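Peer 1: Dropping in coords-v2.json, which is JSON, C-alpha atoms and all ligand atoms:
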[["chain", "number", "residue", "atom", "x", "y", "z"],
["A", 1, "MET", "CA", -27.05, 13.03, -9.69],
["A", 2, "ARG", "CA", -24.74, 15.45, -11.38],
["A", 3, "LEU", "CA", -23.59, 18.59, -9.65],
["A", 4, "GLU", "CA", -23.43, 21.47, -12.07],
["A", 5, "ARG", "CA", -20.71, 23.18, -10.13],
["A", 6, "GLU", "CA", -17.14, 22.70, -11.27],
["A", 7, "LEU", "CA", -14.73, 20.82, -9.06],
["A", 8, "ALA", "CA", -12.24, 22.89, -7.10],
["A", 9, "CYS", "CA", -8.59, 21.84, -7.12],
["A", 10, "GLN", "CA", -8.85, 21.03, -3.41],
["A", 11, "GLU", "CA", -11.50, 18.41, -4.27],
["A", 12, "VAL", "CA", -9.63, 17.12, -7.30],
["A", 13, "VAL", "CA", -6.53, 16.21, -5.28],
["A", 14, "GLU", "CA", -8.66, 14.05, -2.97],
["A", 15, "LEU", "CA", -10.17, 12.18, -5.93],
["A", 16, "VAL", "CA", -6.91, 11.27, -7.63],
["A", 17, "THR", "CA", -6.64, 7.76, -6.22],
["A", 18, "ALA", "CA", -10.29, 7.01, -6.93],
["A", 19, "TYR", "CA", -9.69, 8.26, -10.47],
["A", 20, "LEU", "CA", -6.62, 6.07, -10.92],
["A", 21, "GLU", "CA", -8.48, 3.09, -9.42],
["A", 22, "ASP", "CA", -11.30, 3.71, -11.86],
["A", 23, "SER", "CA", -13.82, 3.92, -9.07],
["A", 24, "LEU", "CA", -15.39, 7.28, -9.89],
["A", 25, "SER", "CA", -18.88, 7.31, -11.34],
["A", 26, "PRO", "CA", -18.92, 8.13, -15.06],
["A", 27, "GLU", "CA", -20.24, 11.62, -14.22],
["A", 28, "ASP", "CA", -17.53, 12.33, -11.66],
["A", 29, "ARG", "CA", -14.89, 10.97, -13.96],
["A", 30, "GLU", "CA", -16.05, 13.39, -16.62],
["A", 31, "ARG", "CA", -15.99, 16.35, -14.23],
["A", 32, "PHE", "CA", -12.54, 15.32, -13.05],
["A", 33, "GLU", "CA", -11.21, 15.16, -16.61],
["A", 34, "GLU", "CA", -12.91, 18.43, -17.56],
["A", 35, "HIS", "CA", -11.14, 20.12, -14.69],
["A", 36, "LEU", "CA", -7.76, 18.81, -15.78],
["A", 37, "VAL", "CA", -8.16, 20.28, -19.24],
["A", 38, "PHE", "CA", -7.76, 23.82, -17.98],
["A", 39, "CYS", "CA", -5.82, 23.30, -14.73],
["A", 40, "ASP", "CA", -2.03, 22.94, -14.96],
["A", 41, "GLY", "CA", -1.69, 22.62, -11.19],
["A", 42, "CYS", "CA", -3.94, 19.56, -11.04],
["A", 43, "GLN", "CA", -2.34, 18.10, -14.16],
["A", 44, "ASN", "CA", 0.99, 18.35, -12.37],
["A", 45, "TYR", "CA", -0.49, 16.86, -9.23],
["A", 46, "LEU", "CA", -1.89, 13.86, -11.12],
["A", 47, "ALA", "CA", 1.40, 13.37, -12.99],
["A", 48, "GLN", "CA", 3.28, 13.48, -9.69],
["A", 49, "MET", "CA", 1.00, 10.88, -8.14],
["A", 50, "ARG", "CA", 1.66, 8.65, -11.14],
["A", 51, "ASP", "CA", 5.40, 9.26, -10.82],
["A", 52, "THR", "CA", 5.17, 8.52, -7.10],
["A", 53, "ILE", "CA", 3.45, 5.20, -7.75],
["A", 54, "ALA", "CA", 6.02, 4.24, -10.39],
["A", 55, "ALA", "CA", 8.94, 5.21, -8.15],
["A", 56, "THR", "CA", 7.45, 3.33, -5.18],
["A", 57, "GLY", "CA", 7.30, 0.29, -7.45],
["A", 58, "ARG", "CA", 11.10, 0.36, -7.58],
["A", 59, "VAL", "CA", 11.46, 0.20, -3.80],
["A", 60, "PRO", "CA", 12.84, -3.22, -2.83],
["A", 61, "PRO", "CA", 10.62, -5.40, -0.61],
["A", 62, "GLY", "CA", 12.80, -4.72, 2.44],
["A", 63, "ALA", "CA", 14.86, -6.95, 4.65],
["A", 64, "LEU", "CA", 13.65, -8.83, 7.69],
["A", 65, "PRO", "CA", 15.49, -8.21, 10.94],
["A", 66, "ALA", "CA", 18.42, -10.66, 10.94],
["A", 67, "GLY", "CA", 17.29, -12.44, 14.10],
["A", 68, "LEU", "CA", 13.82, -13.04, 12.70],
["A", 69, "GLU", "CA", 15.14, -14.41, 9.42],
["A", 70, "GLU", "CA", 17.30, -16.82, 11.42],
["A", 71, "ARG", "CA", 14.34, -17.95, 13.55],
["A", 72, "LEU", "CA", 12.18, -18.46, 10.47],
["A", 73, "LEU", "CA", 14.84, -20.60, 8.85],
["A", 74, "GLU", "CA", 15.09, -22.71, 11.98],
["A", 75, "ALA", "CA", 11.32, -23.09, 12.00],
["A", 76, "PHE", "CA", 11.42, -24.16, 8.37],
["A", 77, "ARG", "CA", 14.13, -26.75, 9.03],
["A", 78, "GLY", "CA", 12.20, -28.04, 12.02],
["A", 79, "TRP", "CA", 9.04, -28.35, 9.92],
["A", 80, "ARG", "CA", 10.91, -30.13, 7.15],
["A", 81, "ALA", "CA", 12.42, -32.62, 9.60],
["A", 82, "SER", "CA", 9.05, -33.40, 11.15],
["B", 1, "MET", "CA", -12.87, -23.34, -8.47],
["B", 2, "GLU", "CA", -10.75, -21.28, -10.78],
["B", 3, "GLN", "CA", -7.02, -21.70, -10.40],
["B", 4, "VAL", "CA", -5.30, -18.33, -10.26],
["B", 5, "LEU", "CA", -1.82, -19.55, -9.47],
["B", 6, "SER", "CA", 0.87, -18.05, -11.70],
["B", 7, "PRO", "CA", 3.64, -20.32, -12.99],
["B", 8, "HIS", "CA", 6.02, -18.49, -10.62],
["B", 9, "ASP", "CA", 3.77, -19.18, -7.62],
["B", 10, "ALA", "CA", 3.25, -22.76, -8.73],
["B", 11, "ARG", "CA", 7.00, -23.37, -8.80],
["B", 12, "LEU", "CA", 7.53, -21.83, -5.37],
["B", 13, "LEU", "CA", 4.64, -23.78, -3.96],
["B", 14, "GLU", "CA", 5.97, -27.02, -5.35],
["B", 15, "GLY", "CA", 9.42, -26.23, -3.93],
["B", 16, "LEU", "CA", 7.99, -25.42, -0.53],
["B", 17, "ARG", "CA", 5.98, -28.62, -0.42],
["B", 18, "ALA", "CA", 9.09, -30.57, -1.33],
["B", 19, "GLY", "CA", 10.95, -28.93, 1.57],
["B", 20, "ASP", "CA", 13.23, -26.90, -0.70],
["B", 21, "GLU", "CA", 14.98, -24.33, 1.48],
["B", 22, "ALA", "CA", 15.75, -22.04, -1.48],
["B", 23, "ALA", "CA", 12.03, -21.74, -2.25],
["B", 24, "PHE", "CA", 11.35, -20.88, 1.38],
["B", 25, "VAL", "CA", 14.12, -18.27, 1.49],
["B", 26, "ALA", "CA", 12.90, -16.72, -1.77],
["B", 27, "LEU", "CA", 9.36, -16.34, -0.41],
["B", 28, "MET", "CA", 10.56, -15.07, 2.95],
["B", 29, "ARG", "CA", 12.79, -12.42, 1.33],
["B", 30, "GLU", "CA", 10.07, -11.34, -1.09],
["B", 31, "TYR", "CA", 7.22, -11.07, 1.37],
["B", 32, "GLY", "CA", 8.58, -11.33, 4.92],
["B", 33, "ALA", "CA", 9.10, -7.61, 5.50],
["B", 34, "GLY", "CA", 5.69, -6.78, 4.04],
["B", 35, "MET", "CA", 4.09, -9.38, 6.31],
["B", 36, "LEU", "CA", 5.79, -7.77, 9.28],
["B", 37, "ARG", "CA", 4.23, -4.44, 8.29],
["B", 38, "VAL", "CA", 0.81, -6.05, 8.13],
["B", 39, "ALA", "CA", 1.32, -7.58, 11.59],
["B", 40, "MET", "CA", 2.15, -4.11, 12.92],
["B", 41, "MET", "CA", -1.37, -3.00, 12.00],
["B", 42, "TYR", "CA", -2.88, -5.13, 14.73],
["B", 43, "VAL", "CA", -0.40, -5.51, 17.57],
["B", 44, "SER", "CA", 1.25, -3.05, 19.86],
["B", 45, "SER", "CA", 4.94, -3.69, 19.47],
["B", 46, "ARG", "CA", 7.56, -4.69, 17.00],
["B", 47, "ALA", "CA", 8.54, -7.65, 19.17],
["B", 48, "VAL", "CA", 5.00, -9.03, 19.19],
["B", 49, "ALA", "CA", 4.71, -8.43, 15.43],
["B", 50, "GLU", "CA", 7.84, -10.52, 14.90],
["B", 51, "GLU", "CA", 6.31, -13.34, 16.95],
["B", 52, "VAL", "CA", 3.17, -13.05, 14.86],
["B", 53, "VAL", "CA", 5.16, -13.35, 11.63],
["B", 54, "GLN", "CA", 6.92, -16.43, 12.97],
["B", 55, "GLU", "CA", 3.62, -18.00, 14.03],
["B", 56, "ALA", "CA", 2.11, -17.13, 10.64],
["B", 57, "TRP", "CA", 4.93, -18.83, 8.72],
["B", 58, "LEU", "CA", 4.47, -21.94, 10.83],
["B", 59, "GLY", "CA", 0.80, -21.80, 9.88],
["B", 60, "VAL", "CA", 1.80, -21.44, 6.24],
["B", 61, "LEU", "CA", 4.05, -24.49, 6.40],
["B", 62, "ARG", "CA", 1.47, -26.58, 8.21],
["B", 63, "GLY", "CA", -1.25, -25.49, 5.79],
["B", 64, "ILE", "CA", 0.74, -25.73, 2.59],
["B", 65, "GLY", "CA", -0.65, -29.17, 1.80],
["B", 66, "ARG", "CA", -4.18, -27.81, 1.89],
["B", 67, "PHE", "CA", -3.57, -24.63, -0.12],
["B", 68, "GLU", "CA", -5.68, -24.95, -3.24],
["B", 69, "GLY", "CA", -4.57, -21.94, -5.21],
["B", 70, "ARG", "CA", -7.93, -20.18, -5.19],
["B", 71, "SER", "CA", -6.10, -16.99, -4.40],
["B", 72, "SER", "CA", -2.57, -16.03, -5.33],
["B", 73, "LEU", "CA", 0.13, -17.38, -3.05],
["B", 74, "LYS", "CA", 0.96, -13.92, -1.73],
["B", 75, "THR", "CA", -2.69, -13.17, -0.93],
["B", 76, "TRP", "CA", -2.83, -16.40, 1.03],
["B", 77, "LEU", "CA", 0.39, -15.56, 2.92],
["B", 78, "PHE", "CA", -0.81, -12.08, 3.82],
["B", 79, "ARG", "CA", -4.23, -13.35, 4.84],
["B", 80, "ILE", "CA", -2.64, -15.79, 7.24],
["B", 81, "VAL", "CA", -0.43, -13.15, 8.81],
["B", 82, "ALA", "CA", -3.35, -10.70, 9.08],
["B", 83, "ASN", "CA", -5.55, -13.30, 10.76],
["B", 84, "THR", "CA", -2.78, -14.40, 13.10],
["B", 85, "ALA", "CA", -2.12, -10.78, 14.04],
["B", 86, "LYS", "CA", -5.81, -10.02, 14.59],
["B", 87, "THR", "CA", -6.14, -12.98, 16.94],
["B", 88, "ARG", "CA", -3.03, -11.92, 18.79],
["B", 89, "GLY", "CA", -4.20, -8.30, 18.90],
["B", 90, "MET", "CA", -7.50, -9.36, 20.44],
["B", 91, "ARG", "CA", -5.67, -11.38, 23.06],
["B", 92, "GLU", "CA", -3.66, -8.28, 23.79],
["B", 93, "SER", "CA", -7.15, -6.79, 24.27],
["B", 94, "ARG", "CA", -6.73, -3.94, 21.94],
["B", 95, "SER", "CA", -10.38, -3.18, 21.55],
["B", 96, "ILE", "CA", -10.16, -1.76, 18.03],
["B", 97, "PRO", "CA", -8.85, -4.16, 15.42],
["B", 98, "PHE", "CA", -6.79, -1.53, 13.70],
["B", 99, "SER", "CA", -5.29, 0.89, 16.11],
["B", 100, "SER", "CA", -4.68, 3.43, 13.44],
["B", 101, "LEU", "CA", -7.53, 2.87, 11.06],
["B", 102, "GLY", "CA", -9.82, 5.36, 12.76],
["B", 103, "ASP", "CA", -7.35, 8.18, 12.33],
["B", 104, "ASP", "CA", -6.30, 7.05, 8.92],
["B", 105, "THR", "CA", -9.63, 7.22, 7.21],
["B", 106, "GLY", "CA", -10.76, 10.53, 8.64],
["B", 107, "GLY", "CA", -11.65, 13.40, 6.44],
["B", 108, "GLU", "CA", -8.56, 15.55, 6.97],
["B", 109, "PRO", "CA", -7.17, 16.91, 3.72],
["B", 110, "THR", "CA", -4.10, 15.22, 2.25],
["B", 111, "VAL", "CA", -2.74, 18.47, 0.83],
["B", 112, "ASP", "CA", -1.95, 21.47, 3.03],
["B", 113, "PRO", "CA", -5.04, 23.76, 2.88],
["B", 114, "ASP", "CA", -2.72, 26.77, 2.76],
["B", 115, "ARG", "CA", -1.84, 25.81, -0.78],
["B", 116, "PHE", "CA", -5.37, 26.66, -1.92],
["B", 117, "LEU", "CA", -7.23, 29.96, -2.17],
["B", 118, "GLY", "CA", -9.52, 30.69, 0.77],
["B", 119, "SER", "CA", -13.28, 31.15, 0.75],
["B", 120, "GLY", "CA", -12.96, 34.92, 0.43],
["B", 121, "GLU", "CA", -11.16, 34.65, -2.89],
["B", 122, "ARG", "CA", -12.62, 34.68, -6.34],
["B", 123, "PHE", "CA", -11.77, 30.99, -6.95],
["B", 124, "PRO", "CA", -11.96, 29.37, -3.53],
["B", 125, "GLY", "CA", -10.34, 25.92, -3.35],
["B", 126, "HIS", "CA", -8.19, 26.52, -6.40],
["B", 127, "TRP", "CA", -4.44, 26.38, -6.24],
["B", 128, "ALA", "CA", -2.65, 29.31, -4.60],
["B", 129, "VAL", "CA", 0.67, 27.42, -4.60],
["B", 130, "PRO", "CA", 0.32, 24.84, -7.38],
["B", 131, "PRO", "CA", 2.71, 21.92, -7.68],
["B", 132, "GLN", "CA", 5.51, 22.59, -10.15],
["B", 133, "ALA", "CA", 6.25, 19.97, -12.77],
["B", 134, "TRP", "CA", 9.11, 17.70, -11.74],
["B", 135, "ALA", "CA", 12.22, 17.70, -13.86],
["B", 136, "PRO", "CA", 12.05, 14.76, -16.21],
["B", 137, "GLU", "CA", 13.12, 11.28, -15.17],
["B", 138, "GLY", "CA", 16.75, 11.37, -14.00],
["B", 139, "ARG", "CA", 16.27, 12.36, -10.40],
["B", 140, "LEU", "CA", 13.17, 10.24, -9.90],
["B", 141, "LEU", "CA", 15.15, 7.16, -10.86],
["B", 142, "SER", "CA", 17.97, 7.82, -8.39],
["B", 143, "GLN", "CA", 18.76, 5.73, -5.34],
["B", 144, "GLU", "CA", 18.17, 8.86, -3.26],
["B", 145, "THR", "CA", 14.54, 8.95, -4.45],
["B", 146, "ILE", "CA", 14.13, 5.35, -3.28],
["B", 147, "ASP", "CA", 15.60, 6.34, 0.10],
["B", 148, "VAL", "CA", 13.19, 9.28, 0.43],
["B", 149, "ILE", "CA", 10.24, 7.00, -0.31],
["B", 150, "GLU", "CA", 11.39, 4.29, 2.13],
["B", 151, "ARG", "CA", 11.83, 6.84, 4.90],
["B", 152, "GLU", "CA", 8.39, 8.30, 4.29],
["B", 153, "ILE", "CA", 6.73, 4.87, 4.20],
["B", 154, "ASP", "CA", 8.40, 4.06, 7.52],
["B", 155, "ARG", "CA", 6.85, 7.16, 9.05],
["B", 156, "LEU", "CA", 3.28, 6.35, 7.97],
["B", 157, "PRO", "CA", 0.64, 5.06, 10.40],
["B", 158, "ALA", "CA", 0.68, 1.25, 10.38],
["B", 159, "ALA", "CA", -2.42, 0.65, 8.24],
["B", 160, "GLN", "CA", -1.37, 3.14, 5.56],
["B", 161, "ARG", "CA", 2.13, 1.68, 5.58],
["B", 162, "ALA", "CA", 0.83, -1.86, 5.12],
["B", 163, "VAL", "CA", -1.54, -0.92, 2.29],
["B", 164, "ILE", "CA", 0.96, 1.13, 0.25],
["B", 165, "THR", "CA", 3.53, -1.64, 0.74],
["B", 166, "MET", "CA", 1.15, -4.26, -0.58],
["B", 167, "ARG", "CA", -0.21, -2.19, -3.46],
["B", 168, "ASP", "CA", 2.72, -0.16, -4.72],
["B", 169, "VAL", "CA", 5.80, -2.05, -3.50],
["B", 170, "GLN", "CA", 4.58, -5.64, -3.82],
["B", 171, "GLY", "CA", 2.12, -5.15, -6.64],
["B", 172, "PHE", "CA", -1.07, -6.53, -5.09],
["B", 173, "THR", "CA", -4.34, -5.53, -6.78],
["B", 174, "SER", "CA", -6.90, -3.65, -4.67],
["B", 175, "GLU", "CA", -9.03, -6.78, -4.65],
["B", 176, "GLU", "CA", -6.15, -8.83, -3.28],
["B", 177, "VAL", "CA", -5.51, -6.30, -0.50],
["B", 178, "CYS", "CA", -9.20, -6.13, 0.45],
["B", 179, "ASN", "CA", -9.31, -9.90, 0.47],
["B", 180, "ALA", "CA", -6.15, -10.41, 2.52],
["B", 181, "LEU", "CA", -6.89, -7.69, 5.09],
["B", 182, "ASP", "CA", -10.68, -7.89, 5.09],
["B", 183, "LEU", "CA", -10.98, -4.23, 4.21],
["B", 184, "SER", "CA", -13.80, -2.62, 2.29],
["B", 185, "GLU", "CA", -12.82, -1.25, -1.07],
["B", 186, "THR", "CA", -13.42, 2.27, 0.21],
["B", 187, "ASN", "CA", -11.23, 1.86, 3.28],
["B", 188, "GLN", "CA", -8.49, 0.34, 1.20],
["B", 189, "ARG", "CA", -8.63, 3.24, -1.22],
["B", 190, "VAL", "CA", -8.63, 5.89, 1.49],
["B", 191, "LEU", "CA", -5.62, 4.33, 3.22],
["B", 192, "LEU", "CA", -3.79, 4.07, -0.09],
["B", 193, "HIS", "CA", -4.66, 7.63, -1.04],
["B", 194, "ARG", "CA", -3.42, 9.06, 2.24],
["B", 195, "ALA", "CA", -0.21, 7.06, 2.01],
["B", 196, "ARG", "CA", 0.49, 8.01, -1.59],
["B", 197, "ALA", "CA", -0.26, 11.67, -0.93],
["B", 198, "LYS", "CA", 2.32, 11.73, 1.87],
["B", 199, "VAL", "CA", 4.94, 10.01, -0.24],
["B", 200, "ARG", "CA", 4.24, 12.48, -3.07],
["B", 201, "GLY", "CA", 4.66, 15.32, -0.58],
["B", 202, "ALA", "CA", 8.02, 13.96, 0.54],
["B", 203, "LEU", "CA", 9.13, 13.64, -3.08],
["B", 204, "GLU", "CA", 7.96, 17.18, -3.82],
["B", 205, "GLU", "CA", 10.19, 18.45, -1.01],
["B", 206, "TYR", "CA", 13.09, 16.44, -2.35],
["B", 207, "MET", "CA", 12.57, 17.46, -5.99],
["B", 208, "ARG", "CA", 12.58, 21.18, -5.25],
["C", 301, "ZN", "ZN", -7.14, 22.24, -10.39]]
Produce structure tokens that represent the structure in this file.
Ligand SMILES: [Zn+2]
Peer 2:
Amino acid sequence: MRLERELACQEVVELVTAYLEDSLSPEDRERFEEHLVFCDGCQNYLAQMRDTIAATGRVPPGALPAGLEERLLEAFRGWRAS
Amino acid sequence: MEQVLSPHDARLLEGLRAGDEAAFVALMREYGAGMLRVAMMYVSSRAVAEEVVQEAWLGVLRGIGRFEGRSSLKTWLFRIVANTAKTRGMRESRSIPFSSLGDDTGGEPTVDPDRFLGSGERFPGHWAVPPQAWAPEGRLLSQETIDVIEREIDRLPAAQRAVITMRDVQGFTSEEVCNALDLSETNQRVLLHRARAKVRGALEEYMR
């Protein structure tokens, strides 16, 4: 079913991830894209979500607490010796 | 069964099976912290989560001979830690498998409602305070930006933190996350959306 009403920006921002994941129905995808054509604010929002995803991709995986890394290594050596 | 193992995974797997410590260290440094975040979804304390991660790695080592490569190596690792943590969480008698999932998937808006026009306005729900375009590149690529993102991810509820870590930091596909954590596609997406929206908000503050 297609709603004739236009999307409001407040709805668009909640659909951004579904849009990027390609999980909107073809109709909703069309409404989403139609909205973007005339809305600078939502264009910026979408661009910022894309920038956010790209920047998060540059975050390193993170370090384990030193004690845990040590315990894991010991476990590995124990397993190898067994 | 289709083999989905990448050459990189295949090498690490071979190294691990041969008892190569460098292969183990490489895997642990790549995925260990992310696995700890997944464990935090299901148990009540950091200390217990660390025990879960240790138990999970032992499971990985004991099971490595049987791993058939039907999923990627990282999906398998994260599935083991998720299952280990769930079991441990149940023993801790936390009645709800994900402490934070209930709150995380609720319908609250991810953008401050004050930024939109109210129902009395001519265009209700449209931007009152629209986001301003970010200055190109430079600042986004800085170490400070990375720090802002890391701090914000640390502040997220556990399930959101685990999902954004897997998707956007470690590069899992949505299917891999759903598979490893036993989440529906919708729940996965909602958690990811909420997490990304908060990180975007933190970056917006920083970019001003
Ligand atoms: Zn809009």
Peer 1: Take atom CA of Cys9 of chain A and atom CA of Asp168 of chain B and report the distance between them in Å, one decimal.
Peer 2: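 The value is 24.9 Å.
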Peer 1: Please tabulate, as CSV, the residues of chain A that come within 9 Å of ligand ZN 301 (chain C), each with its closest pair of atoms and the distance in Å to one decimal, counting all atoms listed in the file and ordering rows by chain, then residue number upward.
Peer 2:
residue,atom,partner,partner_atom,distance
A:Leu7,CA,C:ZN301,ZN,7.8
A:Ala8,CA,C:ZN301,ZN,6.1
A:Cys9,CA,C:ZN301,ZN,3.6
A:Gln10,CA,C:ZN301,ZN,7.3
A:Glu11,CA,C:ZN301,ZN,8.4
A:Val12,CA,C:ZN301,ZN,6.5
A:Val13,CA,C:ZN301,ZN,7.9
A:His35,CA,C:ZN301,ZN,6.2
A:Leu36,CA,C:ZN301,ZN,6.4
A:Phe38,CA,C:ZN301,ZN,7.8
A:Cys39,CA,C:ZN301,ZN,4.7
A:Asp40,CA,C:ZN301,ZN,6.9
A:Gly41,CA,C:ZN301,ZN,5.5
A:Cys42,CA,C:ZN301,ZN,4.2
A:Gln43,CA,C:ZN301,ZN,7.4
A:Tyr45,CA,C:ZN301,ZN,8.6
Peer 1: Considering all atoms listed in the file, can you say which of B:Asp154, B:Ser119, B:Leu58, B:Ile164 comes closest to Gly78 of chain A?
Peer 2: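 Distance minimum relative to Gly78 of chain A lands on B:Leu58.
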Peer 1: Identify, on the basis of all atoms listed in the file, every residue whose closest approach to Gln170 of chain B does not exceed 9 Å; exclude the query and any residue fewer than 3 positions from it along the same chain; express the result as a short mmCIF file (atom, residue, chain, number, x, y, z; two decimals) with C-alpha atoms, keeping the file's coordinate frame.
Peer 2:
data_model
loop_
_atom_site.label_atom_id
_atom_site.label_comp_id
_atom_site.auth_asym_id
_atom_site.auth_seq_id
_atom_site.Cartn_x
_atom_site.Cartn_y
_atom_site.Cartn_z
CA GLY A 57 7.30 0.29 -7.45
CA PRO A 60 12.84 -3.22 -2.83
CA PRO A 61 10.62 -5.40 -0.61
CA GLU B 30 10.07 -11.34 -1.09
CA TYR B 31 7.22 -11.07 1.37
CA GLY B 34 5.69 -6.78 4.04
CA ILE B 164 0.96 1.13 0.25
CA THR B 165 3.53 -1.64 0.74
CA MET B 166 1.15 -4.26 -0.58
CA ARG B 167 -0.21 -2.19 -3.46
#
Peer 1: Tell me as a PDB file with C-alpha atoms, keeping the file's coordinate frame which residues belonging to chain B come within 7 Å of chain A, counting all atoms listed in the file.
Peer 2:
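Generated file (selection_25.pdb):
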ATOM      1  CA  GLY B  19      10.950 -28.930   1.570  1.00  0.00           C
ATOM      2  CA  ARG B  29      12.790 -12.420   1.330  1.00  0.00           C
ATOM      3  CA  GLU B  30      10.070 -11.340  -1.090  1.00  0.00           C
ATOM      4  CA  TYR B  31       7.220 -11.070   1.370  1.00  0.00           C
ATOM      5  CA  GLY B  32       8.580 -11.330   4.920  1.00  0.00           C
ATOM      6  CA  ALA B  33       9.100  -7.610   5.500  1.00  0.00           C
ATOM      7  CA  GLY B  34       5.690  -6.780   4.040  1.00  0.00           C
ATOM      8  CA  GLU B  50       7.840 -10.520  14.900  1.00  0.00           C
ATOM      9  CA  GLN B  54       6.920 -16.430  12.970  1.00  0.00           C
ATOM     10  CA  PHE B 116      -5.370  26.660  -1.920  1.00  0.00           C
ATOM     11  CA  GLY B 125     -10.340  25.920  -3.350  1.00  0.00           C
ATOM     12  CA  HIS B 126      -8.190  26.520  -6.400  1.00  0.00           C
ATOM     13  CA  TRP B 127      -4.440  26.380  -6.240  1.00  0.00           C
ATOM     14  CA  PRO B 130       0.320  24.840  -7.380  1.00  0.00           C
ATOM     15  CA  PRO B 131       2.710  21.920  -7.680  1.00  0.00           C
ATOM     16  CA  GLN B 132       5.510  22.590 -10.150  1.00  0.00           C
ATOM     17  CA  ALA B 133       6.250  19.970 -12.770  1.00  0.00           C
ATOM     18  CA  LEU B 140      13.170  10.240  -9.900  1.00  0.00           C
ATOM     19  CA  ILE B 146      14.130   5.350  -3.280  1.00  0.00           C
ATOM     20  CA  ILE B 149      10.240   7.000  -0.310  1.00  0.00           C
ATOM     21  CA  ASP B 168       2.720  -0.160  -4.720  1.00  0.00           C
ATOM     22  CA  VAL B 169       5.800  -2.050  -3.500  1.00  0.00           C
ATOM     23  CA  GLN B 170       4.580  -5.640  -3.820  1.00  0.00           C
ATOM     24  CA  HIS B 193      -4.660   7.630  -1.040  1.00  0.00           C
ATOM     25  CA  ARG B 200       4.240  12.480  -3.070  1.00  0.00           C
TER      26      ARG B 200
END
Peer 1: For a test of reading the model, state the distance in Å between atom CA of Gly65 of chain B and atom CA of Ala47 of chain B, rounded to one decimal.
Peer 2: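 For atom CA of Gly65 of chain B relative to atom CA of Ala47 of chain B, the distance reads 29.1 Å.
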Peer 1: Please measure the separation of atom CA of Tyr206 of chain B and atom CA of Trp134 of chain B, giving the value in Å to one decimal.
Peer 2: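 Separating atom CA of Tyr206 of chain B from atom CA of Trp134 of chain B is a distance of 10.3 Å.
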Peer 1: Env of Leu16 of chain B: 12 Å cut, atoms = only C-alpha atoms, seq-sep filter 2 positions within chain, self excluded. Answer as a ChimeraX atom specification.
Peer 2: /A:76-77,79-80 /B:9-14,18-28,57,60-65,67,73
Peer 1: What lies within 12 Å of Asp182 of chain B using all atoms listed in the file, ignoring chain neighbours under 2 positions off, as a list of chain:residue names?
Peer 2: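 Neighbouring residues, sequence-local ones excluded: B:Thr75, B:Phe78, B:Arg79, B:Ile80, B:Ala82, B:Asn83, B:Lys86, B:Pro97, B:Phe98, B:Val163, B:Ser174, B:Glu175, B:Glu176, B:Val177, B:Cys178, B:Asn179, B:Ala180, B:Ser184, B:Glu185, B:Thr186, B:Asn187, B:Gln188.
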Peer 1: Report as AutoDock Vina command-line options the centre and the edge lengths, in Å to one decimal, of the axis-aligned box holding every listed atom of segment 135-152 of chain B, padded by 4 Å on each side.
Peer 2:
--center_x 13.6 --center_y 11.0 --center_z -5.7 --size_x 18.4 --size_y 21.4 --size_z 29.1
